[in-house]
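Shown next: my_file.cif, given as mmCIF, C-alpha atoms (C1' of nucleotides).
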```
data_run
loop_
_atom_site.group_PDB
_atom_site.id
_atom_site.type_symbol
_atom_site.label_atom_id
_atom_site.label_comp_id
_atom_site.auth_asym_id
_atom_site.auth_seq_id
_atom_site.Cartn_x
_atom_site.Cartn_y
_atom_site.Cartn_z
ATOM 1 C CA MET A 126 5.073 -17.159 25.539
ATOM 2 C CA VAL A 127 5.233 -17.972 21.823
ATOM 3 C CA ASN A 128 5.754 -14.362 20.714
ATOM 4 C CA GLN A 129 9.009 -14.049 18.765
ATOM 5 C CA MET A 130 9.004 -10.292 18.008
ATOM 6 C CA VAL A 131 10.363 -10.708 14.493
ATOM 7 C CA GLN A 132 10.052 -6.972 13.697
ATOM 8 C CA LEU A 133 8.997 -6.788 10.061
ATOM 9 C CA SER A 134 10.232 -3.969 7.858
ATOM 10 C CA PRO A 135 7.613 -1.547 6.467
ATOM 11 C CA VAL A 136 7.888 -3.177 3.070
ATOM 12 C CA GLU A 137 6.981 -6.523 4.566
ATOM 13 C CA LEU A 138 3.993 -4.918 6.326
ATOM 14 C CA ASP A 139 2.898 -3.831 2.834
ATOM 15 C CA ASP A 140 2.909 -7.480 1.795
ATOM 16 C CA VAL A 141 1.048 -8.674 4.880
ATOM 17 C CA PHE A 142 -1.770 -6.121 4.590
ATOM 18 C CA HIS A 143 -1.956 -6.645 0.851
ATOM 19 C CA ALA A 144 -2.194 -10.401 1.381
ATOM 20 C CA LEU A 145 -5.063 -9.910 3.825
ATOM 21 C CA SER A 146 -6.951 -7.530 1.523
ATOM 22 C CA ASP A 147 -8.368 -10.374 -0.591
ATOM 23 C CA PRO A 148 -11.356 -12.422 0.656
ATOM 24 C CA THR A 149 -10.017 -15.642 -0.880
ATOM 25 C CA ARG A 150 -6.723 -15.236 0.917
ATOM 26 C CA ARG A 151 -8.423 -14.404 4.217
ATOM 27 C CA ALA A 152 -10.490 -17.580 3.769
ATOM 28 C CA LEU A 153 -7.250 -19.508 3.213
ATOM 29 C CA VAL A 154 -5.825 -18.067 6.434
ATOM 30 C CA GLU A 155 -9.042 -19.066 8.163
ATOM 31 C CA ALA A 156 -8.727 -22.631 6.838
ATOM 32 C CA LEU A 157 -5.057 -22.843 7.777
ATOM 33 C CA ALA A 158 -5.700 -21.660 11.328
ATOM 34 C CA ALA A 159 -7.234 -25.096 11.915
ATOM 35 C CA GLY A 160 -4.014 -26.846 10.880
ATOM 36 C CA GLU A 161 -1.802 -27.563 7.892
ATOM 37 C CA THR A 162 -3.239 -29.057 4.675
ATOM 38 C CA SER A 163 -2.452 -29.628 1.026
ATOM 39 C CA VAL A 164 -3.117 -27.147 -1.769
ATOM 40 C CA SER A 165 -5.863 -29.303 -3.299
ATOM 41 C CA ARG A 166 -7.709 -29.597 -0.008
ATOM 42 C CA LEU A 167 -7.440 -25.867 0.492
ATOM 43 C CA ALA A 168 -8.640 -25.211 -3.054
ATOM 44 C CA SER A 169 -11.634 -27.568 -3.057
ATOM 45 C CA PRO A 170 -14.187 -25.145 -1.503
ATOM 46 C CA PHE A 171 -13.435 -22.439 -4.068
ATOM 47 C CA GLU A 172 -14.920 -21.942 -7.504
ATOM 48 C CA MET A 173 -11.664 -20.891 -9.096
ATOM 49 C CA SER A 174 -8.927 -23.046 -10.584
ATOM 50 C CA LEU A 175 -6.225 -24.790 -8.571
ATOM 51 C CA THR A 176 -3.673 -22.533 -10.255
ATOM 52 C CA ALA A 177 -5.454 -19.455 -8.947
ATOM 53 C CA VAL A 178 -5.441 -20.783 -5.377
ATOM 54 C CA SER A 179 -1.772 -21.715 -5.725
ATOM 55 C CA LYS A 180 -1.071 -18.131 -6.762
ATOM 56 C CA HIS A 181 -2.979 -16.804 -3.760
ATOM 57 C CA LEU A 182 -0.896 -19.079 -1.546
ATOM 58 C CA LYS A 183 2.210 -17.662 -3.168
ATOM 59 C CA VAL A 184 1.117 -14.166 -2.171
ATOM 60 C CA LEU A 185 0.576 -15.363 1.401
ATOM 61 C CA GLU A 186 3.954 -17.106 1.271
ATOM 62 C CA GLN A 187 5.726 -13.927 0.114
ATOM 63 C CA ALA A 188 4.117 -12.076 3.014
ATOM 64 C CA GLY A 189 5.551 -14.726 5.333
ATOM 65 C CA LEU A 190 2.068 -15.761 6.442
ATOM 66 C CA VAL A 191 2.337 -19.263 4.989
ATOM 67 C CA THR A 192 5.137 -21.770 4.439
ATOM 68 C CA ARG A 193 4.911 -24.644 1.963
ATOM 69 C CA THR A 194 6.834 -27.887 2.354
ATOM 70 C CA ARG A 195 6.750 -30.656 -0.214
ATOM 71 C CA ARG A 196 5.722 -34.078 1.019
ATOM 72 C CA GLY A 197 5.572 -36.570 -1.813
ATOM 73 C CA ARG A 198 3.484 -35.024 -4.558
ATOM 74 C CA GLU A 199 1.608 -32.864 -2.080
ATOM 75 C CA SER A 200 2.502 -29.397 -0.913
ATOM 76 C CA LEU A 201 1.682 -28.978 2.750
ATOM 77 C CA CYS A 202 0.737 -25.435 3.698
ATOM 78 C CA ARG A 203 1.083 -24.130 7.198
ATOM 79 C CA LEU A 204 0.162 -20.802 8.798
ATOM 80 C CA GLU A 205 2.994 -18.757 10.311
ATOM 81 C CA PRO A 206 1.750 -16.451 13.070
ATOM 82 C CA GLY A 207 4.653 -13.975 13.098
ATOM 83 C CA PRO A 208 3.547 -11.562 10.337
ATOM 84 C CA LEU A 209 -0.041 -11.749 11.566
ATOM 85 C CA SER A 210 1.189 -10.544 14.946
ATOM 86 C CA GLU A 211 3.183 -7.753 13.335
ATOM 87 C CA ALA A 212 0.121 -6.489 11.488
ATOM 88 C CA TRP A 213 -1.891 -6.808 14.683
ATOM 89 C CA GLU A 214 0.679 -4.785 16.593
ATOM 90 C CA TRP A 215 0.785 -2.036 13.981
ATOM 91 C CA ILE A 216 -2.972 -1.548 14.233
ATOM 92 C CA GLU A 217 -2.911 -1.888 18.019
ATOM 93 C CA HIS A 218 -0.311 0.880 18.237
ATOM 94 C CA TYR A 219 -2.411 3.445 16.396
ATOM 95 C CA ARG A 220 -5.601 2.351 18.054
ATOM 96 C CA ARG A 221 -3.943 3.033 21.411
ATOM 97 C CA PHE A 222 -2.534 6.303 20.128
ATOM 98 C CA TRP A 223 -5.990 7.426 19.088
ATOM 99 C CA GLU A 224 -7.592 6.265 22.334
ATOM 100 C CA ALA A 225 -4.961 8.106 24.380
ATOM 101 C CA ARG A 226 -5.788 11.281 22.462
ATOM 102 C CA MET A 227 -9.495 10.765 23.115
ATOM 103 C CA ASP A 228 -8.834 10.337 26.830
ATOM 104 C CA TRP A 229 -6.705 13.459 26.835
ATOM 105 C CA LEU A 230 -9.414 15.480 25.064
ATOM 106 C CA GLU A 231 -12.055 14.205 27.442
ATOM 107 C CA GLN A 232 -9.940 15.164 30.430
ATOM 108 C CA TYR A 233 -9.122 18.539 28.873
ATOM 109 C CA PHE A 234 -12.751 19.488 28.410
ATOM 110 C CA GLU A 235 -13.619 18.075 31.823
ATOM 111 C CA THR A 236 -11.041 20.429 33.367
ATOM 112 C CA ARG A 237 -12.216 23.400 31.292
ATOM 113 C CA ARG A 238 -15.824 22.784 32.295
ATOM 114 C CA SER A 239 -15.033 22.768 36.019
ATOM 115 C CA THR A 240 -12.673 25.756 35.721
ATOM 116 C CA ASP A 241 -14.543 28.069 33.325
ATOM 117 C CA GLY A 242 -18.140 27.066 33.849
ATOM 118 C CA MET B 116 -15.798 1.730 26.583
ATOM 119 C CA VAL B 117 -15.499 3.360 23.165
ATOM 120 C CA ASN B 118 -15.915 0.142 21.191
ATOM 121 C CA GLN B 119 -18.899 0.404 18.827
ATOM 122 C CA MET B 120 -18.815 -3.077 17.201
ATOM 123 C CA VAL B 121 -19.775 -1.812 13.753
ATOM 124 C CA GLN B 122 -19.352 -5.253 12.141
ATOM 125 C CA LEU B 123 -17.918 -4.591 8.714
ATOM 126 C CA SER B 124 -18.849 -6.804 5.797
ATOM 127 C CA PRO B 125 -16.032 -8.831 4.196
ATOM 128 C CA VAL B 126 -15.968 -6.440 1.251
ATOM 129 C CA GLU B 127 -15.312 -3.539 3.607
ATOM 130 C CA LEU B 128 -12.534 -5.529 5.271
ATOM 131 C CA ASP B 129 -11.022 -5.791 1.782
ATOM 132 C CA ASP B 130 -10.981 -2.009 1.627
ATOM 133 C CA VAL B 131 -9.484 -1.573 5.086
ATOM 134 C CA PHE B 132 -6.637 -4.028 4.550
ATOM 135 C CA HIS B 133 -6.023 -2.671 1.072
ATOM 136 C CA ALA B 134 -5.884 0.867 2.470
ATOM 137 C CA LEU B 135 -3.312 -0.213 5.062
ATOM 138 C CA SER B 136 -1.144 -2.041 2.516
ATOM 139 C CA ASP B 137 0.470 1.185 1.283
ATOM 140 C CA PRO B 138 3.270 2.863 3.288
ATOM 141 C CA THR B 139 2.074 6.374 2.378
ATOM 142 C CA ARG B 140 -1.411 5.605 3.642
ATOM 143 C CA ARG B 141 -0.075 4.038 6.855
ATOM 144 C CA ALA B 142 1.994 7.197 7.372
ATOM 145 C CA LEU B 143 -1.184 9.241 6.893
ATOM 146 C CA VAL B 144 -2.952 7.139 9.519
ATOM 147 C CA GLU B 145 0.028 7.686 11.784
ATOM 148 C CA ALA B 146 -0.174 11.453 11.274
ATOM 149 C CA LEU B 147 -3.931 11.503 11.804
ATOM 150 C CA ALA B 148 -3.679 9.540 15.049
ATOM 151 C CA ALA B 149 -2.258 12.731 16.567
ATOM 152 C CA GLY B 150 -5.343 14.711 15.592
ATOM 153 C CA GLU B 151 -7.215 16.129 12.607
ATOM 154 C CA THR B 152 -5.426 18.282 10.006
ATOM 155 C CA SER B 153 -5.791 19.678 6.518
ATOM 156 C CA VAL B 154 -4.795 17.890 3.334
ATOM 157 C CA SER B 155 -1.892 20.291 2.649
ATOM 158 C CA ARG B 156 -0.438 19.798 6.109
ATOM 159 C CA LEU B 157 -0.736 16.053 5.729
ATOM 160 C CA ALA B 158 0.866 16.182 2.291
ATOM 161 C CA SER B 159 3.827 18.443 3.157
ATOM 162 C CA PRO B 160 6.199 15.717 4.428
ATOM 163 C CA PHE B 161 5.777 13.661 1.248
ATOM 164 C CA GLU B 162 7.690 13.924 -2.011
ATOM 165 C CA MET B 163 4.621 13.294 -4.164
ATOM 166 C CA SER B 164 2.061 15.793 -5.430
ATOM 167 C CA LEU B 165 -0.888 17.066 -3.422
ATOM 168 C CA THR B 166 -3.188 15.280 -5.852
ATOM 169 C CA ALA B 167 -1.521 11.961 -5.063
ATOM 170 C CA VAL B 168 -1.986 12.457 -1.313
ATOM 171 C CA SER B 169 -5.590 13.500 -1.884
ATOM 172 C CA LYS B 170 -6.124 10.254 -3.766
ATOM 173 C CA HIS B 171 -4.587 8.246 -0.939
ATOM 174 C CA LEU B 172 -6.924 10.010 1.470
ATOM 175 C CA LYS B 173 -9.817 9.038 -0.785
ATOM 176 C CA VAL B 174 -8.801 5.379 -0.486
ATOM 177 C CA LEU B 175 -8.682 5.732 3.313
ATOM 178 C CA GLU B 176 -12.037 7.505 3.179
ATOM 179 C CA GLN B 177 -13.638 4.704 1.141
ATOM 180 C CA ALA B 178 -12.359 2.229 3.716
ATOM 181 C CA GLY B 179 -14.076 4.306 6.393
ATOM 182 C CA LEU B 180 -10.759 5.014 8.097
ATOM 183 C CA VAL B 181 -10.921 8.760 7.450
ATOM 184 C CA THR B 182 -13.654 11.384 7.161
ATOM 185 C CA ARG B 183 -13.190 14.746 5.467
ATOM 186 C CA THR B 184 -15.161 17.852 6.350
ATOM 187 C CA ARG B 185 -14.802 21.143 4.535
ATOM 188 C CA ARG B 186 -13.926 24.199 6.626
ATOM 189 C CA GLY B 187 -13.419 27.278 4.524
ATOM 190 C CA ARG B 188 -11.053 26.369 1.741
ATOM 191 C CA GLU B 189 -9.471 23.642 3.812
ATOM 192 C CA SER B 190 -10.490 20.017 4.032
ATOM 193 C CA LEU B 191 -10.087 18.735 7.573
ATOM 194 C CA CYS B 192 -9.243 15.038 7.788
ATOM 195 C CA ARG B 193 -9.964 12.972 10.832
ATOM 196 C CA LEU B 194 -9.210 9.370 11.736
ATOM 197 C CA GLU B 195 -12.148 7.058 12.395
ATOM 198 C CA PRO B 196 -11.203 4.193 14.706
ATOM 199 C CA GLY B 197 -14.061 1.794 13.828
ATOM 200 C CA PRO B 198 -12.626 0.072 10.748
ATOM 201 C CA LEU B 199 -9.193 -0.088 12.386
ATOM 202 C CA SER B 200 -10.792 -2.011 15.233
ATOM 203 C CA GLU B 201 -12.560 -4.331 12.822
ATOM 204 C CA ALA B 202 -9.284 -5.202 11.091
ATOM 205 C CA TRP B 203 -7.668 -5.623 14.476
ATOM 206 C CA GLU B 204 -10.412 -7.995 15.565
ATOM 207 C CA TRP B 205 -10.175 -10.101 12.414
ATOM 208 C CA ILE B 206 -6.470 -10.678 12.970
ATOM 209 C CA GLU B 207 -6.962 -11.194 16.692
ATOM 210 C CA HIS B 208 -9.540 -13.913 15.994
ATOM 211 C CA TYR B 209 -7.213 -16.029 13.857
ATOM 212 C CA ARG B 210 -4.239 -15.368 16.056
ATOM 213 C CA ARG B 211 -6.252 -16.760 18.970
ATOM 214 C CA PHE B 212 -7.467 -19.645 16.844
ATOM 215 C CA TRP B 213 -3.901 -20.529 15.964
ATOM 216 C CA GLU B 214 -2.667 -20.152 19.544
ATOM 217 C CA ALA B 215 -5.473 -22.364 20.809
ATOM 218 C CA ARG B 216 -4.387 -25.047 18.353
ATOM 219 C CA MET B 217 -0.783 -24.713 19.481
ATOM 220 C CA ASP B 218 -1.854 -25.099 23.110
ATOM 221 C CA TRP B 219 -3.899 -28.122 22.188
ATOM 222 C CA LEU B 220 -1.002 -29.719 20.333
ATOM 223 C CA GLU B 221 1.352 -28.997 23.216
ATOM 224 C CA GLN B 222 -1.048 -30.548 25.656
ATOM 225 C CA TYR B 223 -1.620 -33.497 23.349
ATOM 226 C CA PHE B 224 2.073 -34.325 23.094
ATOM 227 C CA GLU B 225 2.532 -33.685 26.799
ATOM 228 C CA THR B 226 -0.125 -36.332 27.521
ATOM 229 C CA ARG B 227 1.355 -38.781 25.006
ATOM 230 C CA ARG B 228 4.795 -38.371 26.522
ATOM 231 C CA SER B 229 3.618 -39.132 30.038
ATOM 232 C CA THR B 230 1.371 -41.998 28.884
ATOM 233 C CA ASP B 231 3.561 -43.722 26.279
ATOM 234 C CA GLY B 232 7.067 -42.892 27.500
ATOM 235 C "C1'" DA C 177 5.291 -49.286 -18.210
ATOM 236 C "C1'" DC C 178 1.394 -46.382 -17.906
ATOM 237 C "C1'" DA C 179 -2.207 -43.568 -16.130
ATOM 238 C "C1'" DA C 180 -3.752 -40.686 -12.698
ATOM 239 C "C1'" DT C 181 -2.724 -37.244 -9.041
ATOM 240 C "C1'" DA C 182 -0.904 -32.946 -7.353
ATOM 241 C "C1'" DC C 183 0.913 -29.420 -8.259
ATOM 242 C "C1'" DT C 184 3.900 -25.458 -10.731
ATOM 243 C "C1'" DG C 185 5.239 -22.267 -14.415
ATOM 244 C "C1'" DA C 186 4.510 -19.497 -18.574
ATOM 245 C "C1'" DA C 187 1.757 -16.808 -21.430
ATOM 246 C "C1'" DC C 188 -2.077 -14.131 -21.845
ATOM 247 C "C1'" DC C 189 -5.920 -10.915 -20.577
ATOM 248 C "C1'" DA C 190 -8.988 -7.232 -18.562
ATOM 249 C "C1'" DA C 191 -9.207 -4.412 -14.649
ATOM 250 C "C1'" DC C 192 -7.154 -1.783 -11.112
ATOM 251 C "C1'" DT C 193 -3.151 1.028 -8.762
ATOM 252 C "C1'" DG C 194 -0.342 4.799 -7.958
ATOM 253 C "C1'" DG C 195 1.641 8.227 -9.876
ATOM 254 C "C1'" DT C 196 1.772 12.397 -13.131
ATOM 255 C "C1'" DT C 197 0.050 17.034 -15.300
ATOM 256 C "C1'" DG C 198 -3.317 20.557 -16.381
ATOM 257 C "C1'" DA C 199 -7.697 22.677 -15.779
ATOM 258 C "C1'" DC C 200 -10.825 24.269 -12.679
ATOM 259 C "C1'" DA C 201 -13.581 25.889 -8.446
ATOM 260 C "C1'" DG C 202 -14.261 28.011 -4.005
ATOM 261 C "C1'" DA C 203 -12.518 30.873 -0.136
ATOM 262 C "C1'" DC C 204 -9.466 34.589 1.753
ATOM 263 C "C1'" DG C 205 -6.498 38.769 1.791
ATOM 264 C "C1'" DG C 206 -5.093 42.940 -0.235
ATOM 265 C "C1'" DC D 182 -11.655 42.695 -8.306
ATOM 266 C "C1'" DC D 183 -7.477 40.106 -8.519
ATOM 267 C "C1'" DG D 184 -4.228 37.038 -7.109
ATOM 268 C "C1'" DT D 185 -3.180 33.334 -4.026
ATOM 269 C "C1'" DC D 186 -4.142 29.340 -1.344
ATOM 270 C "C1'" DT D 187 -6.419 24.858 -0.980
ATOM 271 C "C1'" DG D 188 -8.210 21.234 -2.961
ATOM 272 C "C1'" DT D 189 -10.706 18.296 -6.411
ATOM 273 C "C1'" DC D 190 -11.502 16.287 -11.000
ATOM 274 C "C1'" DA D 191 -10.267 14.355 -15.542
ATOM 275 C "C1'" DA D 192 -7.118 12.293 -18.555
ATOM 276 C "C1'" DC D 193 -3.276 9.734 -19.150
ATOM 277 C "C1'" DC D 194 0.471 6.227 -18.286
ATOM 278 C "C1'" DA D 195 3.337 2.238 -16.769
ATOM 279 C "C1'" DG D 196 3.165 -1.508 -13.705
ATOM 280 C "C1'" DT D 197 0.556 -4.834 -10.841
ATOM 281 C "C1'" DT D 198 -3.355 -7.945 -9.753
ATOM 282 C "C1'" DG D 199 -6.375 -11.784 -10.223
ATOM 283 C "C1'" DG D 200 -8.067 -14.661 -13.119
ATOM 284 C "C1'" DT D 201 -7.703 -17.993 -17.196
ATOM 285 C "C1'" DT D 202 -5.664 -22.065 -20.113
ATOM 286 C "C1'" DC D 203 -2.124 -25.099 -21.598
ATOM 287 C "C1'" DA D 204 2.020 -27.480 -20.967
ATOM 288 C "C1'" DG D 205 5.293 -29.763 -17.994
ATOM 289 C "C1'" DT D 206 7.244 -32.227 -13.787
ATOM 290 C "C1'" DA D 207 7.345 -35.264 -10.010
ATOM 291 C "C1'" DT D 208 5.114 -38.808 -7.343
ATOM 292 C "C1'" DT D 209 2.077 -42.650 -6.661
ATOM 293 C "C1'" DG D 210 -0.880 -46.676 -7.737
ATOM 294 C "C1'" DT D 211 -1.830 -50.702 -10.711
#
```
Taking this structure as input, can you express it in the form of structure tokens?
Amino acid sequence: MVNQMVQLSPVELDDVFHALSDPTRRALVEALAAGETSVSRLASPFEMSLTAVSKHLKVLEQAGLVTRTRRGRESLCRLEPGPLSEAWEWIEHYRRFWEARMDWLEQYFETRRSTDG
Amino acid sequence: MVNQMVQLSPVELDDVFHALSDPTRRALVEALAAGETSVSRLASPFEMSLTAVSKHLKVLEQAGLVTRTRRGRESLCRLEPGPLSEAWEWIEHYRRFWEARMDWLEQYFETRRSTDG
DNA sequence: ACAATACTGAACCAACTGGTTGACAGACGG
DNA sequence: CCGTCTGTCAACCAGTTGGTTCAGTATTGT
């Protein structure tokens, strides 16, 4: 079990969801899921400047989704799964909440139908 | 099985994640998970103006997370689970991707250890 | 020593956010 | 009909975002 249960504060959840709200950054997460790489290699598929990609990585870094470590003149970027899991769990919680309510409603009307009708 | 598999476009995913990146809007989702209510009732726990909450609801509405229907002078807000599921699935996909890579790496080093050492 | 590589930081810009207030519109309750 | 409740819309404002370019700093290769 890799799960660390870091428990992000609400403010950090802000950062995670904000980081994921941009298509470029989601593409970066997608690329990083395959393994760590340098900034240049990450930037090469995009039309924008290297600076722009570096800034996007900074946003991901501030959200805790990415860590950068310098190796020589390269900056190796690596995906950190913790915040992703936190965001996942937040959504999961309210999905479940909603589903539970749906089940309850279904059961409620089921009971009413058999009692009243 | 409630799952509808709506398949949101990337642009719509932008909207969903952006909508969830604000603590007020997440609190609104939380409140709406318990069932539909009016705008005033939703707004009452918050310090900000009714207009501000209405605007937040508009952002959630544009993301497809909430629908509003007029009943009398009230506007009843209701949570729509589809986009929430789509966001959930996006994260789930890359979480799995990352975990698969971790498993692979673990296995790889396991093999190397038993072969080389 | 020098040039190229791989970034990073600062300054700038237009567009968007998240809040405000004030005006307004539609639905009830007397 | 009049006032109140409920909510939206428009205008405004400061701060943030996502991009740019230019300059600067290490690191590496020749």
Q: Specify as a ChimeraX atom specification all residues of chain B found within 10 Å of chain A, counting all atoms listed in the file.
A: /B:117,125-138,141,144-150,194-197,199-200,202-217
List every residue of chain A that has an atom at most 8 Å from any atom of chain D, giving for each one its closest atom pair and the distance in Å to one decimal, counting all atoms listed in the file, sorted by chain and then by ascending residue number, as a tab-separated table.
```
residue	atom	partner	partner_atom	distance
A:Ala177	CA	D:DG200	C1'	6.9
A:Gly197	CA	D:DT208	C1'	6.0
A:Arg198	CA	D:DT208	C1'	5.0
```
Proximity of chain C to chain B: per-residue shortest pair, 12 Å limit, all atoms listed in the file, as CSV:
```
residue,atom,partner,partner_atom,distance
C:DT193,C1',B:Asp137,CA,10.7
C:DG194,C1',B:Ala167,CA,7.8
C:DG195,C1',B:Ala167,CA,6.9
C:DT196,C1',B:Ser164,CA,8.4
C:DT197,C1',B:Thr166,CA,10.1
C:DG198,C1',B:Thr166,CA,11.8
C:DA201,C1',B:Arg188,CA,10.5
C:DG202,C1',B:Arg188,CA,6.8
C:DA203,C1',B:Arg188,CA,5.1
C:DC204,C1',B:Arg188,CA,8.4
```
(Q) Would you compute the distance between CA of Ser165 (chain A) and CA of Asp218 (chain B)? Give it in Å to one decimal. (A)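 Answer for the CA of Ser165 (chain A) to CA of Asp218 (chain B) separation: 27.0 Å.
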Q) So how many Å separate CA of Arg166 (chain A) and CA of Gln222 (chain B), to one decimal? A)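 Taking CA of Arg166 (chain A) and CA of Gln222 (chain B), their separation equals 26.5 Å.
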Q. Between CA of Glu151 (chain B) and CA of Thr182 (chain B), what is the spacing in Å?
A.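 Value for the CA of Thr182 (chain B)-CA of Glu151 (chain B) distance: 9.7 Å.
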Provide an axis-aligned box for all listed atoms of region 179-190 of chain B, padding each side by 3 Å; report its centre and its edge lengths in Å to one decimal, as AutoDock Vina command-line options.
```
--center_x -12.3 --center_y 15.8 --center_z 4.9 --size_x 11.7 --size_y 29.0 --size_z 12.4
```
Q: Write out as a PyMOL selection string which residues come within 7 Å of Thr162 (chain A) when counting only C-alpha atoms (C1' of nucleotides), dropping same-chain ones fewer than 5 positions away.
A: chain A and resi 167+201-202
Serialized region 139-150 of chain A w/ N, CA and C atoms as a PDB file, in the first residue's frame:
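In the end it all went to part_21.pdb:
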```
ATOM      1  N   ASP A 139      -7.242  23.956  -3.009  1.00  0.00           N
ATOM      2  CA  ASP A 139      -7.394  25.049  -3.972  1.00  0.00           C
ATOM      3  C   ASP A 139      -6.310  24.948  -5.035  1.00  0.00           C
ATOM      4  N   ASP A 140      -5.069  24.857  -4.572  1.00  0.00           N
ATOM      5  CA  ASP A 140      -3.919  24.835  -5.481  1.00  0.00           C
ATOM      6  C   ASP A 140      -3.949  23.624  -6.409  1.00  0.00           C
ATOM      7  N   VAL A 141      -4.315  22.472  -5.857  1.00  0.00           N
ATOM      8  CA  VAL A 141      -4.331  21.254  -6.671  1.00  0.00           C
ATOM      9  C   VAL A 141      -5.374  21.364  -7.783  1.00  0.00           C
ATOM     10  N   PHE A 142      -6.610  21.747  -7.411  1.00  0.00           N
ATOM     11  CA  PHE A 142      -7.661  21.858  -8.429  1.00  0.00           C
ATOM     12  C   PHE A 142      -7.341  22.966  -9.424  1.00  0.00           C
ATOM     13  N   HIS A 143      -6.789  24.064  -8.919  1.00  0.00           N
ATOM     14  CA  HIS A 143      -6.404  25.132  -9.839  1.00  0.00           C
ATOM     15  C   HIS A 143      -5.343  24.634 -10.827  1.00  0.00           C
ATOM     16  N   ALA A 144      -4.367  23.910 -10.299  1.00  0.00           N
ATOM     17  CA  ALA A 144      -3.300  23.382 -11.160  1.00  0.00           C
ATOM     18  C   ALA A 144      -3.875  22.483 -12.254  1.00  0.00           C
ATOM     19  N   LEU A 145      -4.888  21.710 -11.914  1.00  0.00           N
ATOM     20  CA  LEU A 145      -5.461  20.766 -12.873  1.00  0.00           C
ATOM     21  C   LEU A 145      -6.459  21.417 -13.834  1.00  0.00           C
ATOM     22  N   SER A 146      -6.782  22.691 -13.598  1.00  0.00           N
ATOM     23  CA  SER A 146      -7.795  23.348 -14.429  1.00  0.00           C
ATOM     24  C   SER A 146      -7.251  23.858 -15.763  1.00  0.00           C
ATOM     25  N   ASP A 147      -5.963  23.687 -16.001  1.00  0.00           N
ATOM     26  CA  ASP A 147      -5.359  24.145 -17.257  1.00  0.00           C
ATOM     27  C   ASP A 147      -4.941  22.941 -18.110  1.00  0.00           C
ATOM     28  N   PRO A 148      -5.325  22.956 -19.408  1.00  0.00           N
ATOM     29  CA  PRO A 148      -5.044  21.799 -20.270  1.00  0.00           C
ATOM     30  C   PRO A 148      -3.541  21.525 -20.436  1.00  0.00           C
ATOM     31  N   THR A 149      -2.752  22.597 -20.476  1.00  0.00           N
ATOM     32  CA  THR A 149      -1.297  22.417 -20.585  1.00  0.00           C
ATOM     33  C   THR A 149      -0.770  21.662 -19.367  1.00  0.00           C
ATOM     34  N   ARG A 150      -1.227  22.095 -18.202  1.00  0.00           N
ATOM     35  CA  ARG A 150      -0.744  21.454 -16.978  1.00  0.00           C
ATOM     36  C   ARG A 150      -1.227  20.014 -16.863  1.00  0.00           C
TER      37      ARG A 150
END
```
